[in-house]
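Q: Quick one: the structure is below, questions incoming.
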Amino acid sequence: MIAPPRRNGPPPAVQVDHLTVSYGPAPVLLDISFQIEPGQLVGVIGPNGSGKSTLIKSILGFVKPDLGEVRLFGVPSEKARKRVAYVPQRGAVDWDFPVTVEQVVMMGRYGQIPWWAWGPSHDDRLAVDDALETVRMTKFRRRQIGQLSGGQQQRVFMARALAQGADILLLDEPFAGVDAATERALLEVLDSTKGAGRTLIVVHHDLATAAEYFDALLLIKQRLFAFGSPQQVLQPELLSEVYEGSLRAFEHLRDVSTGGTR
Ligand SMILES: Nc1ncnc2c1ncn2[C@@H]1O[C@H](COP(=O)(O)OP(=O)(O)O)[C@@H](O)[C@H]1O
Ligand SMILES: [Mg+2]
């Protein structure tokens with residue numbers, strides 16, 4: 001299921017080779033290798049604590065691997081930071097920070113430079129306007145981020161990633177804690193972003209919708225258990241091995257094995 005090394009043609013958007021990461025004595029990710037072609041919408045699934053967020057942070061270069069490497073468009077990830085945007089897990093953000101919607105999106109234009117230290121250019125403002133329009137948050141632009149619903153907050157962070165103009169977007173559980181209508185709206189933004197040729201890697205915890213939402217899935221629990229089409233990855237035996245009989249996973253197996261989500 002893992003494609004052989006390439007000799008010709010453009011490099012993959014994301015190439016992970018023998019990635020091993022640990023925070024303590026035991027590795028959280030062990031010898032993970034895969035590559036993703038540009039323009040794919042890829043889901044990352046696996047139980048809690050299986051290393052999904054760590055994989056995202058490793059691709060971003062936030063976490064240093066013990067072994068292995070990550071290349072983005074053929075370049076080591078630390079040299080391609082501007083080409084990647086990150087939409088963090090909602091729980092990882094301080095929502096009391098006194099900043100408006102448009103200021104958050106403008107941060108996407110400045111990278112590491114704080115927004116107050118630099119005057120936005122005409123292009124910066126256009127990019128922010130476009131991004132807000134794409135996620136349909138224009139009318140909330142002057143609102144403090146703490147006063148938004150969970151789904152609106154997700155859309156603002158999605159807009160920040162779009163304003164950055166990155167070719168690769170990494171999202172950590174964007175659908176967690178949002179209502180069904182917001183989930184649909186976010187999915188449309190992900191699809192249109194993919195349609196614009198960008199590559200998206202999305203941590204997702206709902207196996208029931210995984211086949212419908214993604215072109216390919218990465219199933220991880222410390223190791224990479226499977227990588228391929230949803231049909232290849234959502235195999236009952238594989239899932240029961242990785243999820244170890246979690247009841248919730250088994251409920252979805254019925255749907256998955258009968259093709260119920262397509
Ligand atoms: N900063 C950290 N320091 C120490 N351990 C961590 C840290 N971040 C995550 N871990 C541990 O690494 C494992 C994988 O975590 P994580 O990547 O967040 O998994 P997931 O996103 O799949 O729930 C868990 O056991 C978690 O407790
Ligand atoms: Mg996580």
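Order determines the names: the first chain of the structure tokens is A, the second B, and so forth; residues in each chain are numbered 1 upward, and ligands are numbered 1 upward as they are shown.
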Kindly work out which residues sit at most 12 Å from ligand 1, using only C-alpha atoms and all ligand atoms, and give the list as a PyMOL selection string.

A: chain A and resi 21-30+44-58+62-64+88-89+91-92+171-173+202-205+218-223+243

Q: Going by DSSP on the backbone, which bits of range 31-246 of chain A are helix (DSSP H, G or I)? Write them as a ChimeraX atom specification, please.

A: /A:52-60,77-79,81-83,90-92,101-110,115-117,122-134,138-140,145-147,150-164,180-195,207-213,230-233,236-243

Q: Please save C-alpha atoms of the selected residues as an mmCIF file, in the first residue's frame.

A:
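Output below, filename part14.cif:
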```cif
data_model
loop_
_atom_site.group_PDB
_atom_site.id
_atom_site.type_symbol
_atom_site.label_atom_id
_atom_site.label_comp_id
_atom_site.auth_asym_id
_atom_site.auth_seq_id
_atom_site.Cartn_x
_atom_site.Cartn_y
_atom_site.Cartn_z
ATOM 1 C CA LYS A 52 -2.019 11.482 15.606
ATOM 2 C CA SER A 53 -1.275 14.965 16.959
ATOM 3 C CA THR A 54 2.398 14.073 17.273
ATOM 4 C CA LEU A 55 2.462 13.075 13.608
ATOM 5 C CA ILE A 56 0.971 16.454 12.630
ATOM 6 C CA LYS A 57 3.481 18.303 14.843
ATOM 7 C CA SER A 58 6.327 16.285 13.342
ATOM 8 C CA ILE A 59 5.271 17.226 9.809
ATOM 9 C CA LEU A 60 5.197 20.850 10.947
ATOM 10 C CA SER A 77 10.423 20.380 6.544
ATOM 11 C CA GLU A 78 12.401 23.000 8.495
ATOM 12 C CA LYS A 79 13.201 24.706 5.171
ATOM 13 C CA ARG A 81 7.800 26.146 6.986
ATOM 14 C CA LYS A 82 6.038 28.832 4.935
ATOM 15 C CA ARG A 83 4.449 26.211 2.719
ATOM 16 C CA ARG A 90 -9.510 23.764 19.709
ATOM 17 C CA GLY A 91 -8.374 22.814 23.182
ATOM 18 C CA ALA A 92 -4.837 23.972 22.386
ATOM 19 C CA VAL A 101 -11.298 37.478 14.019
ATOM 20 C CA GLU A 102 -9.499 39.550 11.376
ATOM 21 C CA GLN A 103 -6.392 39.883 13.553
ATOM 22 C CA VAL A 104 -6.191 36.106 13.882
ATOM 23 C CA VAL A 105 -6.521 35.697 10.110
ATOM 24 C CA MET A 106 -3.944 38.473 9.522
ATOM 25 C CA MET A 107 -1.482 36.484 11.677
ATOM 26 C CA GLY A 108 -1.444 33.968 8.834
ATOM 27 C CA ARG A 109 0.189 36.662 6.655
ATOM 28 C CA TYR A 110 2.998 37.429 9.061
ATOM 29 C CA TRP A 115 0.743 41.410 13.828
ATOM 30 C CA TRP A 116 1.279 44.621 15.806
ATOM 31 C CA ALA A 117 4.897 44.978 14.627
ATOM 32 C CA HIS A 122 -2.815 45.863 0.254
ATOM 33 C CA ASP A 123 -2.124 42.218 -0.694
ATOM 34 C CA ASP A 124 -2.270 41.182 2.952
ATOM 35 C CA ARG A 125 -5.679 42.803 3.339
ATOM 36 C CA LEU A 126 -6.982 41.170 0.159
ATOM 37 C CA ALA A 127 -5.779 37.752 1.299
ATOM 38 C CA VAL A 128 -7.517 38.216 4.652
ATOM 39 C CA ASP A 129 -10.748 39.390 2.981
ATOM 40 C CA ASP A 130 -10.687 36.411 0.607
ATOM 41 C CA ALA A 131 -10.043 33.933 3.383
ATOM 42 C CA LEU A 132 -12.824 35.338 5.576
ATOM 43 C CA GLU A 133 -15.209 35.215 2.637
ATOM 44 C CA THR A 134 -14.272 31.611 1.818
ATOM 45 C CA THR A 138 -16.754 38.236 6.970
ATOM 46 C CA LYS A 139 -19.562 39.621 9.084
ATOM 47 C CA PHE A 140 -17.807 38.499 12.272
ATOM 48 C CA ILE A 145 -12.465 35.181 19.092
ATOM 49 C CA GLY A 146 -13.639 34.231 22.597
ATOM 50 C CA GLN A 147 -17.181 35.263 21.647
ATOM 51 C CA GLY A 150 -16.730 26.328 18.391
ATOM 52 C CA GLY A 151 -17.500 25.941 14.703
ATOM 53 C CA GLN A 152 -16.901 29.637 14.020
ATOM 54 C CA GLN A 153 -13.563 29.450 15.833
ATOM 55 C CA GLN A 154 -12.568 26.521 13.617
ATOM 56 C CA ARG A 155 -13.500 28.514 10.516
ATOM 57 C CA VAL A 156 -11.383 31.461 11.687
ATOM 58 C CA PHE A 157 -8.351 29.207 12.075
ATOM 59 C CA MET A 158 -9.087 27.689 8.694
ATOM 60 C CA ALA A 159 -9.149 31.250 7.278
ATOM 61 C CA ARG A 160 -5.801 31.993 8.911
ATOM 62 C CA ALA A 161 -4.335 28.924 7.198
ATOM 63 C CA LEU A 162 -5.845 29.983 3.827
ATOM 64 C CA ALA A 163 -4.576 33.566 4.192
ATOM 65 C CA GLN A 164 -1.095 32.202 4.723
ATOM 66 C CA ALA A 180 -23.605 18.910 11.938
ATOM 67 C CA ALA A 181 -24.252 22.036 9.851
ATOM 68 C CA THR A 182 -20.838 23.466 10.737
ATOM 69 C CA GLU A 183 -19.205 20.137 9.986
ATOM 70 C CA ARG A 184 -20.731 20.243 6.480
ATOM 71 C CA ALA A 185 -19.625 23.865 5.994
ATOM 72 C CA LEU A 186 -16.066 23.056 7.111
ATOM 73 C CA LEU A 187 -15.965 20.016 4.861
ATOM 74 C CA GLU A 188 -16.944 22.199 1.903
ATOM 75 C CA VAL A 189 -14.053 24.523 2.698
ATOM 76 C CA LEU A 190 -11.696 21.531 2.873
ATOM 77 C CA ASP A 191 -12.986 20.229 -0.462
ATOM 78 C CA SER A 192 -12.647 23.585 -2.228
ATOM 79 C CA THR A 193 -9.145 24.004 -0.767
ATOM 80 C CA LYS A 194 -8.266 20.612 -2.195
ATOM 81 C CA GLY A 195 -9.908 21.654 -5.465
ATOM 82 C CA LEU A 207 -14.746 6.235 11.514
ATOM 83 C CA ALA A 208 -18.346 6.439 10.274
ATOM 84 C CA THR A 209 -17.627 9.508 8.125
ATOM 85 C CA ALA A 210 -13.982 8.780 7.259
ATOM 86 C CA ALA A 211 -14.738 6.967 3.985
ATOM 87 C CA GLU A 212 -17.003 9.747 2.782
ATOM 88 C CA TYR A 213 -14.692 12.643 3.637
ATOM 89 C CA PRO A 230 -10.710 4.245 2.759
ATOM 90 C CA GLN A 231 -11.829 0.846 1.422
ATOM 91 C CA GLN A 232 -8.326 -0.542 1.918
ATOM 92 C CA VAL A 233 -7.892 0.906 5.399
ATOM 93 C CA PRO A 236 -12.811 -4.861 10.206
ATOM 94 C CA GLU A 237 -9.807 -7.032 11.213
ATOM 95 C CA LEU A 238 -7.421 -4.115 10.984
ATOM 96 C CA LEU A 239 -9.679 -1.796 12.947
ATOM 97 C CA SER A 240 -10.372 -4.309 15.683
ATOM 98 C CA GLU A 241 -6.635 -4.866 16.045
ATOM 99 C CA VAL A 242 -5.905 -1.162 16.330
ATOM 100 C CA TYR A 243 -8.948 -0.167 18.386
#
```

Q: Go through range 101-235 of chain A and collect every residue that DSSP, computed from the backbone, puts in strand (DSSP E); the answer should be as a PyMOL selection string.

A: chain A and resi 168-172+199-203+216-221+223-228

Q: Counting only C-alpha atoms and all ligand atoms, which residue out of A:Ala176, A:Val135, A:Ala85, A:Leu224 sits closest to ligand 2?

A: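 Of A:Ala176, A:Val135, A:Ala85, A:Leu224, the one nearest ligand 2 is A:Ala176, counting only C-alpha atoms and all ligand atoms.
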